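**Student:** Got a structure for you, written out below as structure tokens; questions coming shortly.
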Amino acid sequence: MEVQGLKYVILGLVLGSVISFSNSKVCNFPAIFNFGDSNSDTGALNAAFGPLPSPYGQTFFHHPAGRYSDGRVMIDFMAESLGLPYLSAYLDSVGANFSHGANFATADSTIIPKKNNYPSTKDGFSPFYLGVQFVEFSYFKNRSLQYTTQDGVFAKLLPKADYFEKGLYTFDIGQNDLGAAYFDKTSLDQVMTLDQVKAIVPEMMAKFSKVIKGVYELGGRSFWIHNTGPLGCLPHRVRQLPIKPEQLDKYGCVISYNDGAQYLNQILKEAVIQLRKDLPLAALTYVDIYSLKYTLMTCAKELGFKDPLVPCCPKGVLFDTDPKAIIWDGTHFTELANKWIFEQFTNGSFSDPPTPLNLACP
């Protein structure tokens with residue numbers, strides 16, 4: 001274990017505690033509008049293609065709750081910290097309450113649309129890629145403004161008109177684009193080189209920036225953007241293709257996969273910097289989720305967790321109930337790991353600018 005990684009987290013916590021925001025005003029976000037993939041899906045894919053099986057959701061909800069975890073995911077902890085209810089998935093019409101926002105994230109979603117989108121076969125990528133999620137949001141806003149002027153149930157279940165400007169817009173997407181590049185789900189022998197992966201990043205960022213600008217044109221002003229985590233440290237990815245020892249770092253993570261993620265994050269950060277120039281009335285916060293997840297997975301023992309390369313429930317089959325597991329099903333994080341990550345970034349220690357979550361508005 002390399003002590004430097006753990007020191008990085010501790011330093012971040014210390015810096016976060018001494019940063020002064022005395023001249024800042026708490027934002028009091030009345031709503032969250034979330035875009036992303038399975039890292040923040042709260043039931044969309046379930047509503048479209050069928051529910052997750054038990055033991056998903058067992059830790060907190062005590063039943064499958066549309067989340068790719070044993071309990072809460074980071075968007076749940078964000079909502080809690082802002083005093084808001086958990087986000088209902090836009091695609092889930094039964095029992096949904098959108099009065100404080102909506103979740104457009106869908107598991108298996110990408111930024112760039114893929115050729116092997118299901119529903120023809122669920123061995124590909126979600127048809128609800130980022131561009132579609134934006135169309136859903138645009139339609140949702142227009143319909144909400146129509147119906148909230150009426151009395152009755154609609155006024156209680158939909159956001160108020162000013163929530164769309166005052167709300168927080170969160171993004172966590174791009175991991176599946178890298179997955180599609182490194183390993184085609186339908187043909188695992190078709191693997192891109194790092195240079196080939198880098199070649200698709202400009203198109204990803206162009207489409208991502210277009211959506212941010214589209215939300216801005218519809219009134220969005222506060223953007224909270226997560227970068228992509230260390231793809232090469234996920235047990236499912238490490239074992240999906242034949243990997244030679246020299247392809248792994250000293251923690252057992254696939255070097256090239258993580259190099260691709262770090263390159264994507266570098267270009268994403270540059271895109272956010274440009275968006276700040278293009279959208280002068282917006283506040284755009286870039287959050288370094290990669291560093292937090294990599295530190296958690298490479299300093300697991302020192303932080304009180306078990307071996308990160310051993311998931312507790314590969315493919316959702318429970319065989320290890322260790323409460324200190326980091327990875328749930330080989331790809332997604334446990335509730336405990338999600339909570340740990342959230343607690344590190346909520347004070348702004350891993351953000352650019354170093355702004356706490358509740359101050360991330362213009």
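Within each chain, counting starts at residue 1; across the structure tokens, chains are named A, B, ... in the order shown, with ligands numbered 1 upward in that order.
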Under the rule of at most 10 Å, produce a per-residue listing of range 251-342 of chain A near range 162-173 of chain A: chain, number, name, the closest pair of atoms, and the distance in Å, as JSON lines, using only C-alpha atoms.

**Tutor:**
```
{"residue": "A:Ala283", "atom": "CA", "partner": "A:Leu168", "partner_atom": "CA", "distance": 9.9}
{"residue": "A:Leu284", "atom": "CA", "partner": "A:Tyr169", "partner_atom": "CA", "distance": 9.5}
{"residue": "A:Thr285", "atom": "CA", "partner": "A:Thr170", "partner_atom": "CA", "distance": 9.6}
{"residue": "A:Tyr286", "atom": "CA", "partner": "A:Phe171", "partner_atom": "CA", "distance": 9.8}
{"residue": "A:Val287", "atom": "CA", "partner": "A:Asp172", "partner_atom": "CA", "distance": 9.8}
{"residue": "A:Ile289", "atom": "CA", "partner": "A:Asp172", "partner_atom": "CA", "distance": 9.6}
```

**Student:** Any chance you could export the current selection's N, CA, C and O atoms as a PDB file, in the first residue's frame?

**Tutor:**
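The result, written out as selection21.pdb:
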```pdb
ATOM      1  N   ALA A 283     -22.678  28.284 -12.595  1.00  0.00           N
ATOM      2  CA  ALA A 283     -21.631  27.788 -11.694  1.00  0.00           C
ATOM      3  C   ALA A 283     -21.418  26.325 -12.041  1.00  0.00           C
ATOM      4  O   ALA A 283     -22.327  25.507 -11.909  1.00  0.00           O
ATOM      5  N   LEU A 284     -20.217  25.985 -12.513  1.00  0.00           N
ATOM      6  CA  LEU A 284     -19.899  24.619 -12.911  1.00  0.00           C
ATOM      7  C   LEU A 284     -18.823  24.071 -11.990  1.00  0.00           C
ATOM      8  O   LEU A 284     -17.703  24.585 -11.954  1.00  0.00           O
ATOM      9  N   THR A 285     -19.165  23.034 -11.236  1.00  0.00           N
ATOM     10  CA  THR A 285     -18.236  22.424 -10.292  1.00  0.00           C
ATOM     11  C   THR A 285     -17.811  21.059 -10.816  1.00  0.00           C
ATOM     12  O   THR A 285     -18.649  20.203 -11.094  1.00  0.00           O
ATOM     13  N   TYR A 286     -16.513  20.888 -10.970  1.00  0.00           N
ATOM     14  CA  TYR A 286     -15.926  19.627 -11.439  1.00  0.00           C
ATOM     15  C   TYR A 286     -15.452  18.842 -10.217  1.00  0.00           C
ATOM     16  O   TYR A 286     -14.682  19.364  -9.390  1.00  0.00           O
ATOM     17  N   VAL A 287     -15.902  17.603 -10.076  1.00  0.00           N
ATOM     18  CA  VAL A 287     -15.614  16.810  -8.881  1.00  0.00           C
ATOM     19  C   VAL A 287     -14.729  15.623  -9.252  1.00  0.00           C
ATOM     20  O   VAL A 287     -15.076  14.826 -10.139  1.00  0.00           O
ATOM     21  N   ILE A 289     -13.974  12.465  -8.695  1.00  0.00           N
ATOM     22  CA  ILE A 289     -14.393  11.176  -8.157  1.00  0.00           C
ATOM     23  C   ILE A 289     -13.309  10.127  -8.362  1.00  0.00           C
ATOM     24  O   ILE A 289     -13.147   9.206  -7.551  1.00  0.00           O
TER      25      ILE A 289
END
```

**Student:** Hey, what does DSSP flag as alpha helix (DSSP H) within range 187-235 of chain A? Can you give it to me as a VMD selection string?

**Tutor:** chain A and resid 194 to 217 235

**Student:** Can I get the selected residues back with N, CA and C atoms, as a PDB file, in the first residue's frame?

**Tutor:**
```
ATOM      1  N   LEU A 194      -5.165   2.215 -26.317  1.00  0.00           N
ATOM      2  CA  LEU A 194      -5.346   3.470 -25.599  1.00  0.00           C
ATOM      3  C   LEU A 194      -5.459   4.641 -26.563  1.00  0.00           C
ATOM      4  N   ASP A 195      -4.659   4.643 -27.625  1.00  0.00           N
ATOM      5  CA  ASP A 195      -4.723   5.728 -28.600  1.00  0.00           C
ATOM      6  C   ASP A 195      -6.075   5.771 -29.297  1.00  0.00           C
ATOM      7  N   GLN A 196      -6.637   4.599 -29.594  1.00  0.00           N
ATOM      8  CA  GLN A 196      -7.957   4.548 -30.217  1.00  0.00           C
ATOM      9  C   GLN A 196      -9.034   5.053 -29.270  1.00  0.00           C
ATOM     10  N   VAL A 197      -8.874   4.728 -27.998  1.00  0.00           N
ATOM     11  CA  VAL A 197      -9.824   5.212 -26.994  1.00  0.00           C
ATOM     12  C   VAL A 197      -9.748   6.737 -26.900  1.00  0.00           C
ATOM     13  N   LYS A 198      -8.534   7.258 -26.876  1.00  0.00           N
ATOM     14  CA  LYS A 198      -8.360   8.708 -26.803  1.00  0.00           C
ATOM     15  C   LYS A 198      -9.018   9.406 -27.986  1.00  0.00           C
ATOM     16  N   ALA A 199      -9.058   8.733 -29.132  1.00  0.00           N
ATOM     17  CA  ALA A 199      -9.596   9.350 -30.344  1.00  0.00           C
ATOM     18  C   ALA A 199     -11.105   9.600 -30.256  1.00  0.00           C
ATOM     19  N   ILE A 200     -11.811   8.871 -29.400  1.00  0.00           N
ATOM     20  CA  ILE A 200     -13.263   9.059 -29.302  1.00  0.00           C
ATOM     21  C   ILE A 200     -13.636  10.135 -28.279  1.00  0.00           C
ATOM     22  N   VAL A 201     -12.674  10.554 -27.458  1.00  0.00           N
ATOM     23  CA  VAL A 201     -12.970  11.497 -26.378  1.00  0.00           C
ATOM     24  C   VAL A 201     -13.448  12.860 -26.888  1.00  0.00           C
ATOM     25  N   PRO A 202     -12.868  13.432 -27.944  1.00  0.00           N
ATOM     26  CA  PRO A 202     -13.377  14.729 -28.419  1.00  0.00           C
ATOM     27  C   PRO A 202     -14.857  14.696 -28.780  1.00  0.00           C
ATOM     28  N   GLU A 203     -15.312  13.632 -29.421  1.00  0.00           N
ATOM     29  CA  GLU A 203     -16.738  13.525 -29.747  1.00  0.00           C
ATOM     30  C   GLU A 203     -17.573  13.435 -28.481  1.00  0.00           C
ATOM     31  N   MET A 204     -17.075  12.682 -27.490  1.00  0.00           N
ATOM     32  CA  MET A 204     -17.779  12.586 -26.211  1.00  0.00           C
ATOM     33  C   MET A 204     -17.948  13.963 -25.584  1.00  0.00           C
ATOM     34  N   MET A 205     -16.870  14.729 -25.558  1.00  0.00           N
ATOM     35  CA  MET A 205     -16.918  16.033 -24.902  1.00  0.00           C
ATOM     36  C   MET A 205     -17.779  17.022 -25.676  1.00  0.00           C
ATOM     37  N   ALA A 206     -17.801  16.901 -26.996  1.00  0.00           N
ATOM     38  CA  ALA A 206     -18.647  17.786 -27.797  1.00  0.00           C
ATOM     39  C   ALA A 206     -20.119  17.538 -27.480  1.00  0.00           C
ATOM     40  N   LYS A 207     -20.493  16.277 -27.384  1.00  0.00           N
ATOM     41  CA  LYS A 207     -21.891  15.938 -27.071  1.00  0.00           C
ATOM     42  C   LYS A 207     -22.230  16.287 -25.621  1.00  0.00           C
ATOM     43  N   PHE A 208     -21.278  16.079 -24.713  1.00  0.00           N
ATOM     44  CA  PHE A 208     -21.506  16.423 -23.311  1.00  0.00           C
ATOM     45  C   PHE A 208     -21.704  17.935 -23.166  1.00  0.00           C
ATOM     46  N   SER A 209     -20.827  18.710 -23.781  1.00  0.00           N
ATOM     47  CA  SER A 209     -20.922  20.166 -23.695  1.00  0.00           C
ATOM     48  C   SER A 209     -22.220  20.678 -24.316  1.00  0.00           C
ATOM     49  N   LYS A 210     -22.654  20.036 -25.374  1.00  0.00           N
ATOM     50  CA  LYS A 210     -23.907  20.438 -26.029  1.00  0.00           C
ATOM     51  C   LYS A 210     -25.083  20.278 -25.074  1.00  0.00           C
ATOM     52  N   VAL A 211     -25.091  19.199 -24.307  1.00  0.00           N
ATOM     53  CA  VAL A 211     -26.181  18.978 -23.348  1.00  0.00           C
ATOM     54  C   VAL A 211     -26.118  20.012 -22.222  1.00  0.00           C
ATOM     55  N   ILE A 212     -24.922  20.287 -21.707  1.00  0.00           N
ATOM     56  CA  ILE A 212     -24.786  21.306 -20.656  1.00  0.00           C
ATOM     57  C   ILE A 212     -25.324  22.643 -21.159  1.00  0.00           C
ATOM     58  N   LYS A 213     -24.965  23.004 -22.375  1.00  0.00           N
ATOM     59  CA  LYS A 213     -25.439  24.263 -22.934  1.00  0.00           C
ATOM     60  C   LYS A 213     -26.949  24.233 -23.150  1.00  0.00           C
ATOM     61  N   GLY A 214     -27.474  23.078 -23.507  1.00  0.00           N
ATOM     62  CA  GLY A 214     -28.925  22.950 -23.679  1.00  0.00           C
ATOM     63  C   GLY A 214     -29.673  23.150 -22.377  1.00  0.00           C
ATOM     64  N   VAL A 215     -29.153  22.573 -21.300  1.00  0.00           N
ATOM     65  CA  VAL A 215     -29.766  22.762 -19.983  1.00  0.00           C
ATOM     66  C   VAL A 215     -29.671  24.231 -19.570  1.00  0.00           C
ATOM     67  N   TYR A 216     -28.541  24.842 -19.855  1.00  0.00           N
ATOM     68  CA  TYR A 216     -28.349  26.272 -19.544  1.00  0.00           C
ATOM     69  C   TYR A 216     -29.381  27.127 -20.266  1.00  0.00           C
ATOM     70  N   GLU A 217     -29.626  26.817 -21.533  1.00  0.00           N
ATOM     71  CA  GLU A 217     -30.605  27.578 -22.311  1.00  0.00           C
ATOM     72  C   GLU A 217     -32.013  27.406 -21.750  1.00  0.00           C
ATOM     73  N   PRO A 235     -13.536  -5.160 -10.341  1.00  0.00           N
ATOM     74  CA  PRO A 235     -13.281  -6.602 -10.482  1.00  0.00           C
ATOM     75  C   PRO A 235     -13.854  -7.192 -11.759  1.00  0.00           C
TER      76      PRO A 235
END
```

**Student:** Assign secondary structure with DSSP using the backbone only, and return the residues of range 133-320 of chain A in strand (DSSP E) as a list of chain:residue names.

**Tutor:**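 Residues of range 133-320 of chain A classed as strand (DSSP E): A:Leu168, A:Tyr169, A:Thr170, A:Phe171, A:Asp172, A:Ser222, A:Phe223, A:Trp224, A:Ile225, A:His226, A:Ala283, A:Leu284, A:Thr285, A:Tyr286, A:Val287.
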
**Student:** Include N, CA and C atoms and write out the residues we just selected as a JSON list (two decimals), in the first residue's frame.

**Tutor:**
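Listed below is the output, result_0.json:
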```json
[["chain", "number", "residue", "atom", "x", "y", "z"],
["A", 168, "LEU", "N", -30.27, 22.14, -8.67],
["A", 168, "LEU", "CA", -28.91, 21.66, -8.92],
["A", 168, "LEU", "C", -28.96, 20.60, -10.01],
["A", 169, "TYR", "N", -28.11, 20.75, -11.03],
["A", 169, "TYR", "CA", -28.04, 19.81, -12.15],
["A", 169, "TYR", "C", -26.77, 18.96, -11.99],
["A", 170, "THR", "N", -26.96, 17.67, -11.80],
["A", 170, "THR", "CA", -25.84, 16.77, -11.52],
["A", 170, "THR", "C", -25.61, 15.81, -12.69],
["A", 171, "PHE", "N", -24.34, 15.52, -12.95],
["A", 171, "PHE", "CA", -23.95, 14.67, -14.08],
["A", 171, "PHE", "C", -22.91, 13.66, -13.64],
["A", 172, "ASP", "N", -23.13, 12.39, -13.98],
["A", 172, "ASP", "CA", -22.15, 11.33, -13.72],
["A", 172, "ASP", "C", -22.29, 10.31, -14.85],
["A", 222, "SER", "N", -26.80, 25.86, -12.02],
["A", 222, "SER", "CA", -25.88, 25.22, -11.07],
["A", 222, "SER", "C", -25.59, 23.80, -11.54],
["A", 223, "PHE", "N", -24.32, 23.53, -11.88],
["A", 223, "PHE", "CA", -23.94, 22.24, -12.45],
["A", 223, "PHE", "C", -22.89, 21.57, -11.57],
["A", 224, "TRP", "N", -23.12, 20.32, -11.22],
["A", 224, "TRP", "CA", -22.22, 19.53, -10.38],
["A", 224, "TRP", "C", -21.82, 18.32, -11.20],
["A", 225, "ILE", "N", -20.56, 18.26, -11.65],
["A", 225, "ILE", "CA", -20.14, 17.29, -12.66],
["A", 225, "ILE", "C", -19.08, 16.35, -12.10],
["A", 226, "HIS", "N", -19.40, 15.06, -12.04],
["A", 226, "HIS", "CA", -18.44, 14.05, -11.59],
["A", 226, "HIS", "C", -17.59, 13.57, -12.75],
["A", 283, "ALA", "N", -22.68, 28.28, -12.60],
["A", 283, "ALA", "CA", -21.63, 27.79, -11.69],
["A", 283, "ALA", "C", -21.42, 26.32, -12.04],
["A", 284, "LEU", "N", -20.22, 25.98, -12.51],
["A", 284, "LEU", "CA", -19.90, 24.62, -12.91],
["A", 284, "LEU", "C", -18.82, 24.07, -11.99],
["A", 285, "THR", "N", -19.16, 23.03, -11.24],
["A", 285, "THR", "CA", -18.24, 22.42, -10.29],
["A", 285, "THR", "C", -17.81, 21.06, -10.82],
["A", 286, "TYR", "N", -16.51, 20.89, -10.97],
["A", 286, "TYR", "CA", -15.93, 19.63, -11.44],
["A", 286, "TYR", "C", -15.45, 18.84, -10.22],
["A", 287, "VAL", "N", -15.90, 17.60, -10.08],
["A", 287, "VAL", "CA", -15.61, 16.81, -8.88],
["A", 287, "VAL", "C", -14.73, 15.62, -9.25]]
```

**Student:** When you draw a straight line from CA of Ala65 in chain A to CA of Gly50 in chain A, how long is it in Å?

**Tutor:**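 Calculated distance between CA of Ala65 in chain A and CA of Gly50 in chain A is 11.8 Å.
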
**Student:** What separation in Å, quoted to one decimal, exists between CA of Val94 in chain A and CA of Gly66 in chain A?

**Tutor:**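 Distance between the two atoms: 12.8 Å.
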
**Student:** Let me make sure I understand: among A:Gly252, A:Gly124, A:Gly330, A:Pro53, which one has the smallest atom-to-atom distance to Asp177 in chain A if we use only C-alpha atoms?

**Tutor:** A:Gly124

**Student:** Using only C-alpha atoms, which of the listed residues (A:Phe342, A:Phe134, A:Tyr251, A:Phe140) sits closest to Thr298 in chain A?

**Tutor:** A:Tyr251

**Student:** Choose the residue, out of A:Gly220, A:Gly179, A:Gly43, A:Pro311, that has the smallest atom-to-atom separation from Asn258 in chain A; count only C-alpha atoms.

**Tutor:**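 Nearest candidate to Asn258 in chain A out of A:Gly220, A:Gly179, A:Gly43, A:Pro311: A:Gly179.
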
**Student:** What gap, in Å, lies between CA of Tyr86 in chain A and CA of Phe137 in chain A?

**Tutor:**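 Those two atoms sit 17.5 Å apart.
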
**Student:** Between A:Thr148, A:Thr110, A:Ser93, A:Thr355, which is the closest to Gly131 in chain A once you count only C-alpha atoms?

**Tutor:**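 Under the stated criterion, the closest residue is A:Thr110.
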
**Student:** Ranking A:Phe33, A:Ile75, A:Asp92, A:Phe60 by minimum distance to Ala48 in chain A and counting only C-alpha atoms, which one comes first?

**Tutor:** A:Asp92

**Student:** Using only C-alpha atoms, which residue out of A:Asp108, A:Asp151, A:Asp329, A:Asp249 lies closest to Gly57 in chain A?

**Tutor:**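 Looking at the shortest contact to Gly57 in chain A, the residue is A:Asp329.
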
**Student:** Would you mind listing what lies within 8 Å of Cys253 in chain A as a list in words, with only C-alpha atoms counted and same-chain residues fewer than 6 positions away left out?

**Tutor:** Gly232, Cys233, Leu234 and Val238 of chain A

**Student:** Any chance you can output those residues with all heavy atoms as a JSON list (two decimals), in the first residue's frame?

**Tutor:**
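Wrote it out as out_32.json, contents follow:
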```
[["chain", "number", "residue", "atom", "x", "y", "z"],
["A", 232, "GLY", "N", -10.24, 0.53, -14.44],
["A", 232, "GLY", "CA", -9.34, -0.62, -14.38],
["A", 232, "GLY", "C", -9.27, -1.29, -13.03],
["A", 232, "GLY", "O", -8.62, -2.33, -12.90],
["A", 233, "CYS", "N", -9.92, -0.72, -12.02],
["A", 233, "CYS", "CA", -9.91, -1.33, -10.68],
["A", 233, "CYS", "C", -11.19, -2.10, -10.38],
["A", 233, "CYS", "O", -11.31, -2.68, -9.29],
["A", 233, "CYS", "CB", -9.71, -0.26, -9.61],
["A", 233, "CYS", "SG", -8.10, 0.56, -9.68],
["A", 234, "LEU", "N", -12.16, -2.09, -11.28],
["A", 234, "LEU", "CA", -13.42, -2.81, -11.05],
["A", 234, "LEU", "C", -13.20, -4.30, -11.29],
["A", 234, "LEU", "O", -12.73, -4.69, -12.37],
["A", 234, "LEU", "CB", -14.51, -2.27, -11.97],
["A", 234, "LEU", "CG", -14.86, -0.79, -11.78],
["A", 234, "LEU", "CD1", -15.90, -0.36, -12.80],
["A", 234, "LEU", "CD2", -15.36, -0.52, -10.36],
["A", 238, "VAL", "N", -11.54, -6.22, -14.59],
["A", 238, "VAL", "CA", -10.24, -6.87, -14.50],
["A", 238, "VAL", "C", -10.31, -8.30, -15.01],
["A", 238, "VAL", "O", -9.39, -8.81, -15.66],
["A", 238, "VAL", "CB", -9.73, -6.85, -13.04],
["A", 238, "VAL", "CG1", -8.47, -7.69, -12.90],
["A", 238, "VAL", "CG2", -9.45, -5.41, -12.60]]
```

**Student:** What's the 12 Å shell around Glu80 in chain A, counting only C-alpha atoms, without same-chain residues fewer than 4 positions away, as a list in words?

**Tutor:**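 Near neighbours after the sequence-gap exclusion: Phe29, Ala31, Ile32, Arg72, Val73, Met74, Ile75, Asp76, Leu84, Pro85, Tyr86, Leu87, Lys339, Phe342, Glu343, Thr346, Leu357 and Asn358 of chain A.
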
**Student:** Given the selection you just returned, output its residues as a file containing N, CA, C and O atoms, formatted as a short mmCIF file (atom, residue, chain, number, x, y, z; two decimals), in the first residue's frame.

**Tutor:**
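The file below, again_21.cif, is the result:
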```
data_model
loop_
_atom_site.label_atom_id
_atom_site.label_comp_id
_atom_site.auth_asym_id
_atom_site.auth_seq_id
_atom_site.Cartn_x
_atom_site.Cartn_y
_atom_site.Cartn_z
N PHE A 29 -30.87 24.60 -2.53
CA PHE A 29 -31.41 24.04 -3.76
C PHE A 29 -32.78 23.41 -3.49
O PHE A 29 -32.91 22.54 -2.63
N ALA A 31 -34.43 21.59 -5.70
CA ALA A 31 -34.61 20.40 -6.54
C ALA A 31 -33.27 19.95 -7.10
O ALA A 31 -32.31 20.73 -7.18
N ILE A 32 -33.21 18.68 -7.48
CA ILE A 32 -32.05 18.11 -8.18
C ILE A 32 -32.56 17.48 -9.47
O ILE A 32 -33.57 16.76 -9.48
N ARG A 72 -28.14 2.66 -0.76
CA ARG A 72 -28.15 3.98 -1.39
C ARG A 72 -26.93 4.20 -2.29
O ARG A 72 -25.86 3.66 -2.03
N VAL A 73 -27.14 5.03 -3.31
CA VAL A 73 -26.06 5.46 -4.19
C VAL A 73 -25.77 6.93 -3.89
O VAL A 73 -26.47 7.57 -3.10
N MET A 74 -24.74 7.50 -4.51
CA MET A 74 -24.29 8.83 -4.12
C MET A 74 -25.37 9.91 -4.30
O MET A 74 -25.45 10.85 -3.51
N ILE A 75 -26.20 9.80 -5.33
CA ILE A 75 -27.23 10.81 -5.54
C ILE A 75 -28.23 10.79 -4.38
O ILE A 75 -28.82 11.83 -4.05
N ASP A 76 -28.40 9.64 -3.74
CA ASP A 76 -29.27 9.57 -2.56
C ASP A 76 -28.67 10.36 -1.39
O ASP A 76 -29.38 11.10 -0.70
N LEU A 84 -33.57 17.08 0.74
CA LEU A 84 -34.54 16.76 -0.30
C LEU A 84 -34.89 15.28 -0.28
O LEU A 84 -34.09 14.45 0.18
N PRO A 85 -36.05 14.90 -0.78
CA PRO A 85 -36.39 13.48 -0.87
C PRO A 85 -35.55 12.79 -1.93
O PRO A 85 -34.97 13.45 -2.82
N TYR A 86 -35.51 11.45 -1.88
CA TYR A 86 -34.80 10.71 -2.91
C TYR A 86 -35.46 10.97 -4.27
O TYR A 86 -36.68 11.10 -4.37
N LEU A 87 -34.63 11.02 -5.31
CA LEU A 87 -35.14 11.32 -6.64
C LEU A 87 -35.89 10.15 -7.25
O LEU A 87 -35.39 9.02 -7.27
N LYS A 339 -21.21 6.00 0.54
CA LYS A 339 -21.31 6.95 1.64
C LYS A 339 -19.93 7.55 1.96
O LYS A 339 -19.80 8.75 2.18
N PHE A 342 -18.99 10.03 -0.78
CA PHE A 342 -19.78 11.26 -0.64
C PHE A 342 -19.25 12.13 0.49
O PHE A 342 -19.12 13.36 0.34
N GLU A 343 -18.92 11.53 1.61
CA GLU A 343 -18.47 12.30 2.77
C GLU A 343 -17.14 13.01 2.51
O GLU A 343 -16.84 14.02 3.15
N THR A 346 -18.20 16.19 -0.27
CA THR A 346 -19.30 17.14 -0.03
C THR A 346 -18.81 18.49 0.48
O THR A 346 -19.48 19.51 0.30
N LEU A 357 -20.88 21.28 -1.57
CA LEU A 357 -22.08 20.98 -2.34
C LEU A 357 -23.17 22.03 -2.12
O LEU A 357 -23.81 22.47 -3.08
N ASN A 358 -23.38 22.43 -0.88
CA ASN A 358 -24.49 23.35 -0.61
C ASN A 358 -24.19 24.80 -0.94
O ASN A 358 -25.02 25.69 -0.72
#
```
